[in-house]
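Dropping model.cif in here (mmCIF, C-alpha atoms):
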```
data_work
#
loop_
_atom_site.label_atom_id
_atom_site.label_comp_id
_atom_site.auth_asym_id
_atom_site.auth_seq_id
_atom_site.Cartn_x
_atom_site.Cartn_y
_atom_site.Cartn_z
CA MET A 1 118.91 98.20 89.38
CA ARG A 2 117.59 95.27 87.40
CA PRO A 3 114.99 92.61 88.28
CA PRO A 4 115.84 89.23 89.81
CA ALA A 5 115.33 86.21 87.53
CA PHE A 6 111.81 84.90 87.04
CA SER A 7 110.05 82.41 84.80
CA TYR A 8 107.97 84.08 82.14
CA PHE A 9 104.67 82.91 80.68
CA ALA A 10 102.64 84.62 77.97
CA PRO A 11 99.29 82.80 77.84
CA ARG A 12 96.96 83.47 74.89
CA THR A 13 93.64 82.74 76.60
CA VAL A 14 91.94 83.28 79.96
CA GLU A 15 91.78 79.50 80.34
CA GLU A 16 95.58 79.31 80.16
CA VAL A 17 95.93 82.23 82.63
CA VAL A 18 93.77 80.45 85.19
CA LYS A 19 95.65 77.18 84.70
CA LEU A 20 99.05 78.87 85.12
CA LEU A 21 97.91 80.68 88.28
CA ALA A 22 96.74 77.38 89.79
CA GLN A 23 99.98 75.61 88.81
CA HIS A 24 102.13 78.25 90.52
CA ASP A 25 100.02 78.16 93.66
CA GLY A 26 100.61 81.77 94.70
CA GLU A 27 104.26 82.04 93.58
CA ALA A 28 103.40 83.89 90.36
CA ARG A 29 102.44 87.52 89.74
CA VAL A 30 100.15 88.62 86.95
CA ILE A 31 101.59 91.48 84.88
CA ALA A 32 99.29 93.85 82.96
CA GLY A 33 100.78 97.20 81.83
CA GLY A 34 103.60 96.83 84.33
CA GLN A 35 103.89 100.56 85.00
CA SER A 36 103.76 99.96 88.76
CA LEU A 37 104.89 96.32 88.87
CA VAL A 38 108.10 96.67 86.82
CA PRO A 39 109.50 99.44 89.08
CA LEU A 40 108.89 97.12 92.06
CA LEU A 41 110.76 94.36 90.21
CA ASN A 42 113.60 96.66 89.08
CA LEU A 43 114.08 97.86 92.65
CA ARG A 44 113.80 94.24 93.88
CA ILE A 45 111.02 95.15 96.28
CA ILE A 46 109.16 92.06 95.03
CA ARG A 47 110.72 88.79 93.79
CA PRO A 48 108.04 86.58 92.26
CA ALA A 49 109.13 83.15 90.96
CA ALA A 50 107.10 83.66 87.79
CA LEU A 51 105.36 86.37 85.79
CA ILE A 52 102.14 85.61 83.93
CA ASP A 53 101.84 88.24 81.20
CA LEU A 54 98.29 89.21 80.15
CA ASN A 55 99.50 91.29 77.20
CA ARG A 56 99.00 88.43 74.71
CA CYS A 57 95.34 87.82 75.65
CA PRO A 58 93.26 89.84 73.19
CA GLU A 59 90.02 88.70 74.88
CA LEU A 60 90.93 90.85 77.93
CA ASP A 61 90.89 94.14 75.99
CA TYR A 62 87.37 95.51 75.50
CA ILE A 63 84.88 98.20 76.48
CA GLU A 64 81.27 96.96 76.29
CA GLN A 65 77.93 98.39 77.30
CA ARG A 66 75.81 95.84 79.18
CA GLY A 67 72.48 97.24 80.27
CA ASP A 68 73.13 99.94 82.88
CA TRP A 69 76.83 99.10 83.11
CA LEU A 70 79.98 99.76 81.15
CA ALA A 71 82.27 96.74 81.33
CA PHE A 72 86.05 97.05 80.86
CA GLY A 73 88.39 94.21 80.08
CA PRO A 74 91.31 94.49 82.50
CA MET A 75 93.83 94.94 79.66
CA THR A 76 92.09 98.03 78.24
CA ARG A 77 94.92 100.58 77.96
CA GLN A 78 94.27 103.69 80.01
CA LEU A 79 95.03 105.90 76.99
CA ASP A 80 92.44 104.01 74.88
CA ALA A 81 89.83 104.33 77.63
CA ALA A 82 90.66 108.04 78.05
CA GLN A 83 90.21 108.66 74.32
CA SER A 84 87.06 106.53 73.97
CA ALA A 85 83.92 108.47 73.02
CA VAL A 86 81.82 105.75 74.67
CA VAL A 87 83.60 106.15 78.01
CA ARG A 88 83.36 109.97 77.84
CA GLN A 89 79.62 109.74 77.17
CA LEU A 90 78.57 106.90 79.46
CA CYS A 91 81.13 107.06 82.29
CA PRO A 92 82.48 110.63 82.27
CA LEU A 93 84.00 110.29 85.76
CA VAL A 94 86.22 107.46 84.50
CA ALA A 95 87.34 109.65 81.58
CA ASP A 96 87.92 112.59 83.97
CA ALA A 97 90.13 110.47 86.24
CA LEU A 98 92.16 109.07 83.33
CA GLU A 99 93.38 112.60 82.56
CA TRP A 100 95.37 112.36 85.80
CA THR A 101 96.91 108.89 85.63
CA GLY A 102 100.35 109.90 84.40
CA PRO A 103 102.25 110.98 81.33
CA VAL A 104 101.23 109.67 77.92
CA ALA A 105 104.10 107.16 77.76
CA VAL A 106 102.75 105.57 80.95
CA ARG A 107 99.08 105.69 79.96
CA ALA A 108 99.84 104.13 76.56
CA ARG A 109 100.90 100.99 78.43
CA SER A 110 99.06 101.05 81.78
CA THR A 111 95.68 99.37 82.02
CA VAL A 112 92.29 99.89 83.65
CA GLY A 113 92.49 96.53 85.43
CA GLY A 114 96.13 96.87 86.44
CA THR A 115 95.71 100.03 88.47
CA LEU A 116 92.65 98.62 90.27
CA ALA A 117 94.37 95.33 91.10
CA HIS A 118 97.53 97.16 92.20
CA ALA A 119 95.44 99.39 94.51
CA ASP A 120 97.97 102.11 95.23
CA ARG A 121 96.57 104.48 97.86
CA VAL A 122 97.09 107.47 95.56
CA ALA A 123 95.81 105.84 92.35
CA GLU A 124 92.86 107.54 90.66
CA LEU A 125 90.65 104.73 89.33
CA PRO A 126 90.23 103.02 92.74
CA ALA A 127 88.72 106.29 94.02
CA VAL A 128 86.34 106.35 91.04
CA ALA A 129 85.43 102.70 91.68
CA ILE A 130 84.62 103.54 95.31
CA ALA A 131 82.62 106.64 94.33
CA LEU A 132 80.53 104.83 91.71
CA ASP A 133 80.19 101.45 93.48
CA ALA A 134 81.90 99.62 90.63
CA VAL A 135 81.77 95.82 90.46
CA MET A 136 84.94 93.77 90.16
CA VAL A 137 84.88 90.35 88.55
CA ILE A 138 87.61 88.07 89.90
CA GLU A 139 88.46 84.77 88.24
CA GLY A 140 90.40 81.72 89.38
CA ALA A 141 90.27 77.96 89.09
CA GLY A 142 87.01 77.97 91.10
CA GLY A 143 85.30 80.18 88.51
CA GLN A 144 84.23 83.82 88.66
CA ARG A 145 83.05 85.88 91.62
CA GLU A 146 81.76 89.43 91.76
CA VAL A 147 82.87 91.83 94.48
CA SER A 148 81.75 95.41 95.14
CA ALA A 149 84.46 98.09 95.15
CA GLN A 150 83.76 98.67 98.87
CA GLU A 151 84.72 95.06 99.62
CA PHE A 152 87.47 94.84 96.98
CA PHE A 153 90.05 97.25 98.43
CA LEU A 154 91.62 96.09 101.68
CA GLY A 155 94.28 98.78 101.95
CA ASP A 156 97.38 100.17 100.26
CA LEU A 157 98.47 97.65 97.56
CA SER A 158 96.00 95.13 98.94
CA THR A 159 92.77 93.70 97.54
CA VAL A 160 90.64 90.58 98.02
CA ILE A 161 92.16 88.96 94.89
CA GLU A 162 93.67 85.65 96.03
CA PRO A 163 97.18 84.74 94.79
CA THR A 164 95.68 82.16 92.40
CA GLU A 165 93.10 84.61 90.99
CA PHE A 166 93.17 87.67 88.73
CA LEU A 167 90.93 90.64 87.97
CA ARG A 168 88.86 89.50 84.99
CA GLU A 169 86.63 92.57 84.47
CA VAL A 170 85.46 95.82 86.05
CA ARG A 171 81.99 97.29 85.58
CA PHE A 172 81.17 100.93 86.19
CA PRO A 173 77.51 102.04 86.32
CA ILE A 174 76.45 104.27 83.44
CA SER A 175 76.01 107.88 84.56
CA ALA A 176 72.71 109.76 84.49
CA PRO A 177 72.73 111.92 81.32
CA HIS A 178 73.14 115.27 83.09
CA ALA A 179 75.24 114.20 86.04
CA PHE A 180 78.03 116.51 87.19
CA THR A 181 81.32 114.66 87.38
CA ASN A 182 84.78 115.84 88.30
CA PHE A 183 88.14 114.37 89.18
CA THR A 184 90.84 116.57 90.64
CA GLU A 185 93.97 116.13 92.67
CA VAL A 186 96.95 117.84 94.24
CA GLY A 187 100.32 116.41 93.22
CA VAL A 188 103.98 117.11 93.73
CA ARG A 189 104.30 118.15 90.07
CA GLN A 190 102.21 118.07 86.89
CA GLU A 191 101.65 114.42 85.90
CA GLY A 192 103.54 113.36 89.03
CA VAL A 193 102.53 111.40 92.10
CA ALA A 194 99.33 112.63 93.75
CA VAL A 195 99.18 113.73 97.36
CA VAL A 196 95.38 113.70 97.63
CA GLY A 197 92.58 113.47 95.09
CA LEU A 198 88.81 113.72 94.90
CA ALA A 199 86.24 111.95 92.70
CA THR A 200 82.85 113.66 92.54
CA TYR A 201 79.54 112.47 91.08
CA ILE A 202 76.37 114.56 91.53
CA GLU A 203 72.89 114.20 90.13
CA ALA A 204 70.99 117.37 90.90
CA ALA A 205 68.13 119.41 89.51
CA THR A 206 66.87 122.87 90.56
CA GLY A 207 69.05 122.92 93.64
CA GLU A 208 67.91 119.52 94.88
CA VAL A 209 70.48 116.73 95.11
CA GLN A 210 69.17 113.33 94.00
CA LYS A 211 72.43 111.47 94.27
CA ILE A 212 75.89 112.42 95.43
CA ALA A 213 79.10 110.44 95.77
CA LEU A 214 82.39 111.89 96.98
CA ALA A 215 85.48 109.68 97.24
CA ALA A 216 88.85 110.94 98.47
CA MET A 217 92.17 109.23 97.83
CA GLY A 218 95.46 109.66 99.65
CA VAL A 219 93.74 110.18 103.00
CA ASP A 220 93.69 106.56 104.15
CA ALA A 221 95.06 103.17 103.07
CA ALA A 222 92.19 102.89 100.56
CA PRO A 223 89.87 105.52 99.03
CA VAL A 224 87.13 106.73 101.39
CA ARG A 225 83.63 108.05 100.79
CA LEU A 226 83.17 111.47 102.40
CA THR A 227 79.86 110.38 103.91
CA SER A 228 79.28 113.26 106.32
CA ALA A 229 79.77 115.81 103.52
CA GLU A 230 77.51 113.74 101.25
CA GLU A 231 74.74 113.75 103.90
CA ILE A 232 74.88 117.52 104.38
CA LEU A 233 74.65 118.17 100.65
CA GLN A 234 71.91 115.59 100.15
CA GLN A 235 69.81 117.28 102.84
CA GLN A 236 70.59 120.94 102.19
CA GLY A 237 71.27 121.01 98.45
CA ILE A 238 74.33 122.76 97.04
CA ASN A 239 74.57 126.39 98.19
CA PRO A 240 77.28 128.53 99.76
CA ASP A 241 76.27 127.55 103.34
CA SER A 242 76.07 123.81 102.68
CA ILE A 243 79.38 123.93 100.78
CA GLU A 244 81.11 125.47 103.81
CA ALA A 245 79.51 122.91 106.14
CA ALA A 246 80.44 120.02 103.82
CA THR A 247 84.04 121.26 103.56
CA GLN A 248 84.35 121.31 107.37
CA ALA A 249 82.66 117.93 107.69
CA ALA A 250 85.04 116.37 105.14
CA ARG A 251 88.09 117.71 106.99
CA GLU A 252 86.75 116.40 110.29
CA GLN A 253 85.89 112.95 108.91
CA ILE A 254 89.31 112.09 107.48
CA ASP A 255 92.38 111.13 109.45
CA PRO A 256 95.26 111.13 106.92
CA MET A 257 98.91 110.22 107.42
CA GLY A 258 102.03 112.29 106.84
CA ASP A 259 104.77 110.94 104.57
CA VAL A 260 107.80 112.12 102.56
CA TYR A 261 105.57 114.22 100.29
CA THR A 262 103.55 116.17 102.82
CA THR A 263 102.03 116.33 106.30
CA ALA A 264 98.75 114.94 107.58
CA ALA A 265 97.55 118.48 108.28
CA TYR A 266 98.17 119.56 104.69
CA ARG A 267 96.24 116.55 103.37
CA LYS A 268 93.25 117.45 105.55
CA HIS A 269 93.44 121.03 104.38
CA ALA A 270 93.85 120.10 100.70
CA VAL A 271 90.91 117.66 100.60
CA GLY A 272 88.66 120.37 102.02
CA GLY A 273 90.02 122.84 99.49
CA LEU A 274 89.44 120.52 96.54
CA LEU A 275 85.92 119.70 97.71
CA ASN A 276 85.08 123.36 98.21
CA ARG A 277 86.27 124.28 94.72
CA VAL A 278 84.49 121.39 93.01
CA LEU A 279 81.20 122.05 94.81
CA HIS A 280 81.29 125.70 93.75
CA GLN A 281 81.79 124.49 90.16
CA ALA A 282 78.82 122.16 90.55
CA ALA A 283 76.70 124.96 92.03
CA ARG A 284 77.49 127.26 89.12
CA ARG A 285 76.42 124.55 86.68
CA ASN A 286 73.04 123.91 88.30
CA MET B 287 108.62 79.09 79.06
CA SER B 288 111.06 79.57 81.91
CA SER B 289 113.87 81.89 82.96
CA GLU B 290 116.03 80.47 80.11
CA CYS B 291 117.04 82.78 77.25
CA VAL B 292 114.36 83.55 74.71
CA ARG B 293 114.93 84.36 71.04
CA ILE B 294 113.44 87.80 70.43
CA LYS B 295 112.59 89.05 66.97
CA LEU B 296 111.40 92.58 66.38
CA ARG B 297 111.62 95.47 63.94
CA ILE B 298 113.61 98.48 65.06
CA ASN B 299 113.91 101.67 62.99
CA GLY B 300 112.58 99.72 60.01
CA GLU B 301 115.06 96.87 60.29
CA SER B 302 114.33 93.29 61.41
CA ARG B 303 116.60 92.23 64.27
CA THR B 304 116.92 89.05 66.31
CA ALA B 305 118.79 88.41 69.57
CA ASP B 306 118.52 86.24 72.68
CA ALA B 307 117.61 87.59 76.11
CA GLU B 308 116.59 86.34 79.52
CA PRO B 309 112.95 87.21 80.32
CA ARG B 310 114.15 89.63 83.01
CA MET B 311 116.08 91.76 80.49
CA LEU B 312 114.52 95.20 80.16
CA LEU B 313 113.71 96.40 76.66
CA VAL B 314 116.11 99.33 77.08
CA ASP B 315 119.00 97.01 77.97
CA PHE B 316 118.12 94.80 75.00
CA ILE B 317 118.19 97.81 72.68
CA ARG B 318 121.48 99.12 74.08
CA ASN B 319 123.43 95.95 74.88
CA LYS B 320 122.09 93.38 72.43
CA LEU B 321 121.20 95.55 69.44
CA HIS B 322 124.00 98.07 70.19
CA LEU B 323 121.76 101.08 69.63
CA THR B 324 123.02 103.26 72.47
CA GLY B 325 121.11 106.43 71.60
CA THR B 326 118.35 105.43 74.05
CA HIS B 327 119.49 106.33 77.57
CA VAL B 328 118.78 104.69 80.93
CA GLY B 329 118.17 107.33 83.55
CA CYS B 330 116.34 106.08 86.61
CA ALA B 331 115.35 102.55 85.46
CA HIS B 332 112.06 102.76 87.33
CA GLY B 333 109.83 104.89 85.17
CA ALA B 334 110.39 108.30 86.74
CA CYS B 335 112.57 110.20 84.23
CA GLY B 336 111.47 109.31 80.68
CA ALA B 337 115.01 109.26 79.21
CA CYS B 338 114.44 105.74 77.85
CA THR B 339 111.21 106.58 75.98
CA VAL B 340 110.90 104.79 72.62
CA LEU B 341 107.96 104.26 70.27
CA VAL B 342 106.44 100.79 70.51
CA ASP B 343 103.97 100.18 67.70
CA GLY B 344 103.73 103.94 67.22
CA ARG B 345 103.11 104.93 70.84
CA PRO B 346 105.61 106.31 73.34
CA ASN B 347 106.57 103.76 76.01
CA ARG B 348 109.17 103.76 78.75
CA SER B 349 111.57 101.02 77.65
CA CYS B 350 112.73 100.48 81.27
CA LEU B 351 109.19 99.43 82.19
CA MET B 352 108.89 96.72 79.54
CA PHE B 353 110.75 93.47 79.23
CA ALA B 354 112.40 92.72 75.90
CA VAL B 355 110.40 89.49 75.69
CA GLN B 356 107.22 91.59 75.72
CA ALA B 357 108.38 93.38 72.57
CA GLN B 358 108.37 90.15 70.57
CA ASP B 359 107.23 91.06 66.99
CA ALA B 360 106.83 94.75 67.92
CA GLU B 361 107.76 97.73 65.76
CA ILE B 362 110.17 99.97 67.70
CA THR B 363 111.47 103.44 66.89
CA THR B 364 114.43 104.85 68.81
CA VAL B 365 116.19 108.19 68.48
CA GLU B 366 118.46 106.62 65.81
CA GLY B 367 115.35 106.19 63.65
CA LEU B 368 114.54 109.91 63.48
CA ALA B 369 117.28 111.24 61.20
CA LEU B 370 117.06 110.60 57.46
CA ASP B 371 120.46 109.13 56.55
CA ASP B 372 122.89 111.77 57.85
CA LYS B 373 120.38 114.61 57.81
CA LEU B 374 118.74 115.67 61.08
CA SER B 375 114.94 115.47 61.12
CA PRO B 376 113.12 118.84 61.30
CA LEU B 377 112.49 118.22 65.01
CA GLN B 378 116.15 117.45 65.70
CA GLU B 379 117.20 120.49 63.67
CA GLU B 380 114.97 122.76 65.81
CA PHE B 381 116.39 121.23 69.01
CA ARG B 382 119.86 122.19 67.75
CA LYS B 383 118.82 125.68 66.67
CA HIS B 384 116.98 126.49 69.92
CA HIS B 385 119.64 125.10 72.28
CA ALA B 386 117.01 122.65 73.53
CA LEU B 387 119.71 120.51 75.14
CA GLN B 388 122.79 120.93 77.25
CA CYS B 389 124.16 117.66 78.60
CA GLY B 390 121.93 115.70 76.22
CA PHE B 391 121.06 112.89 78.59
CA CYS B 392 117.29 113.43 78.44
CA THR B 393 117.30 114.38 74.75
CA PRO B 394 116.51 110.96 73.18
CA GLY B 395 113.40 110.70 75.35
CA MET B 396 112.45 114.33 74.72
CA LEU B 397 112.75 113.81 70.94
CA ILE B 398 110.72 110.60 70.92
CA SER B 399 107.95 112.06 73.11
CA SER B 400 107.85 115.19 70.92
CA GLN B 401 107.81 113.09 67.76
CA ALA B 402 104.83 111.12 69.12
CA LEU B 403 103.02 114.36 69.96
CA LEU B 404 103.58 115.90 66.52
CA ALA B 405 102.43 112.72 64.77
CA GLU B 406 99.12 112.92 66.62
CA ASN B 407 98.76 116.68 66.87
CA PRO B 408 100.65 118.61 64.14
CA ASN B 409 99.74 121.99 65.65
CA PRO B 410 100.08 121.75 69.44
CA SER B 411 99.75 124.70 71.81
CA ASP B 412 102.56 125.36 74.29
CA GLN B 413 100.32 123.90 77.00
CA GLU B 414 99.84 120.71 74.95
CA ILE B 415 103.59 120.46 74.39
CA LYS B 416 104.24 120.84 78.12
CA LYS B 417 101.66 118.17 78.91
CA ALA B 418 103.15 115.78 76.34
CA LEU B 419 106.64 116.29 77.81
CA ALA B 420 105.60 116.25 81.48
CA GLY B 421 106.87 112.68 81.80
CA ASN B 422 110.37 113.63 80.61
CA LEU B 423 112.70 115.21 83.14
CA CYS B 424 115.51 117.60 82.15
CA ARG B 425 117.94 118.96 84.73
CA CYS B 426 119.74 121.45 82.45
CA THR B 427 117.51 123.52 80.22
CA GLY B 428 114.58 124.61 82.36
CA TYR B 429 112.40 123.21 79.56
CA ASN B 430 111.70 126.55 77.90
CA ASN B 431 113.96 125.98 74.91
CA ILE B 432 112.59 122.47 74.47
CA VAL B 433 109.03 123.78 74.23
CA CYS B 434 110.23 126.46 71.75
CA ALA B 435 111.97 123.81 69.62
CA VAL B 436 108.91 121.55 69.45
CA SER B 437 106.70 124.51 68.61
CA ALA B 438 109.10 125.61 65.86
CA ALA B 439 109.24 122.07 64.46
CA ALA B 440 105.44 122.05 64.28
CA ASN B 441 105.58 125.30 62.28
CA THR B 442 108.27 123.94 59.94
CA GLN B 443 106.27 120.80 59.27
CA ARG B 444 103.13 122.71 58.34
#
```
Final structure tokens representation of the file:
Amino acid sequence: MRPPAFSYFAPRTVEEVVKLLAQHDGEARVIAGGQSLVPLLNLRIIRPAALIDLNRCPELDYIEQRGDWLAFGPMTRQLDAAQSAVVRQLCPLVADALEWTGPVAVRARSTVGGTLAHADRVAELPAVAIALDAVMVIEGAGGQREVSAQEFFLGDLSTVIEPTEFLREVRFPISAPHAFTNFTEVGVRQEGVAVVGLATYIEAATGEVQKIALAAMGVDAAPVRLTSAEEILQQQGINPDSIEAATQAAREQIDPMGDVYTTAAYRKHAVGGLLNRVLHQAARRN
Amino acid sequence: MSSECVRIKLRINGESRTADAEPRMLLVDFIRNKLHLTGTHVGCAHGACGACTVLVDGRPNRSCLMFAVQAQDAEITTVEGLALDDKLSPLQEEFRKHHALQCGFCTPGMLISSQALLAENPNPSDQEIKKALAGNLCRCTGYNNIVCAVSAAANTQR
């Protein structure tokens, strides 16, 4: 199938983007890499009156260190971020997750901001944003506002971005130098759609856990922190007993849905399995 | 700009071309129906199969997930751009030798993705080849001969 007709705008500056969004009063969609949006258009699942294309705004493509944060322009291509030495060094969990975001032809076009704003329940970067408490900068005619990742995601394909606003920047906190990070997922095929996934960030020394963040995707309408597992590991450190307890706690905490890909029971099982494997990796490293 | 036709100018396989298209026209339809280069195939038209993969400014892109208007001033390479005059490129030659195709529908995408891989990594492992081609579906070959062909092409090029 082919998309319905729409008006097309290719602004050159953020100022023009904001003006166009205000003019269309919620009837326009912003397009970034389009790797999720164009399928929705081709299948006529969405029919926006206008598309505002961010691909001609060079000021939206950057990776910058700012104090304890790494700031990404929303139009940073996922492949560029994945290959960036700065991202690998300062935000390894972001780099880990970008290994899973699809085949190279998709990642060459898809963007860091696009996947966050699209907020698919089985997208990888939203889980990383939830794990690391990323900050989203949203801009509209009223100016900029900052929103924590926890507040940003409302559910599957739903965020707090208003129809006359767009995602202007995302900031991830810079990792501690020796932090253990891992992103892993179970999918229907290599480089295919994920069923569940897990983002892990651990700061630990001599068996003691200073900081731990576990975020699962595909188990609810938005990524969830596995808080009961985090608490167990924070209190008991990472050892075979605490790993078993955390695995059980994670399975008990989540209440996933079944869909065409798999059952709710499998998702529960798989999240526990991923967590168990990753924690054993972390334990071996410490 | 509105939903009216837009004049699109780009370079494709080294040649400058101009044609008009509505903003909703997909790049793949522009290439096939406006520029009459029908080597690039449309499989699923929603980014699942990879048959329509072309190089846009040197990188593989799914041409069903881009609008032609977004390729304004871009440098595109399609499967027609691989052969040198009437002589198959080394990669194409190895596809032929290794029976890396049967029905041929996925082949333009397979060739372009492989070409992109070899440009970046002249000596890929089988695992790297499989990863680079994971976004291209083939229903005939079982992939094995495709991986062999790409590997052989890498050896020939060295």
Worksheet item: What gap, in Å, lies between CA of Leu21 (chain A) and CA of Ile52 (chain A)?
Response: 7.8 Å
Discussion item. At a cut-off of 12 Å, which residues of chain A touch chain B? Count only C-alpha atoms and give the answer as a ChimeraX atom specification.
Written reply: /A:1-11,20,31-45,47-56,77,79-80,99-110,189-193
With 3 Å added on each side, what axis-aligned box encloses every listed atom of region 19-31 of chain A? Give the centre and edge lengths in Å to one decimal, as lines of an AutoDock Vina configuration file.
```
center_x = 100.0
center_y = 83.5
center_z = 89.7
size_x = 14.6
size_y = 21.9
size_z = 16.0
```
Worksheet item: From the list B:Lys320, B:Thr363, B:Gly329, B:Asp412, which residue is nearest Asn299 (chain B) when using all atoms listed in the file?
Response: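 Of all the options, B:Thr363 lies closest to Asn299 (chain B).
Straight-line separation from CA of Lys268 (chain A) to CA of Met217 (chain A): 11.3 Å.
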Practice prompt. Give me the result of the PyMOL selection byres ((chain B and resi 317) around 10) on this file, residue by residue, as a VMD selection string.
Written response: chain B and resid 298 305 312 to 316 318 to 327 349 354 362 364
Worksheet entry | Gap from CA of Thr115 (chain A) to CA of Val195 (chain A) - Å, one decimal |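 Separating CA of Thr115 (chain A) from CA of Val195 (chain A) is a distance of 16.7 Å.
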Discussion item. Evaluate the PyMOL selection byres ((chain A and resi 139) around 12) against this structure - the residues, as a PyMOL selection string, please.
Written reply: chain A and resi 14-15+17-19+21-22+74+136-138+140-147+160-170
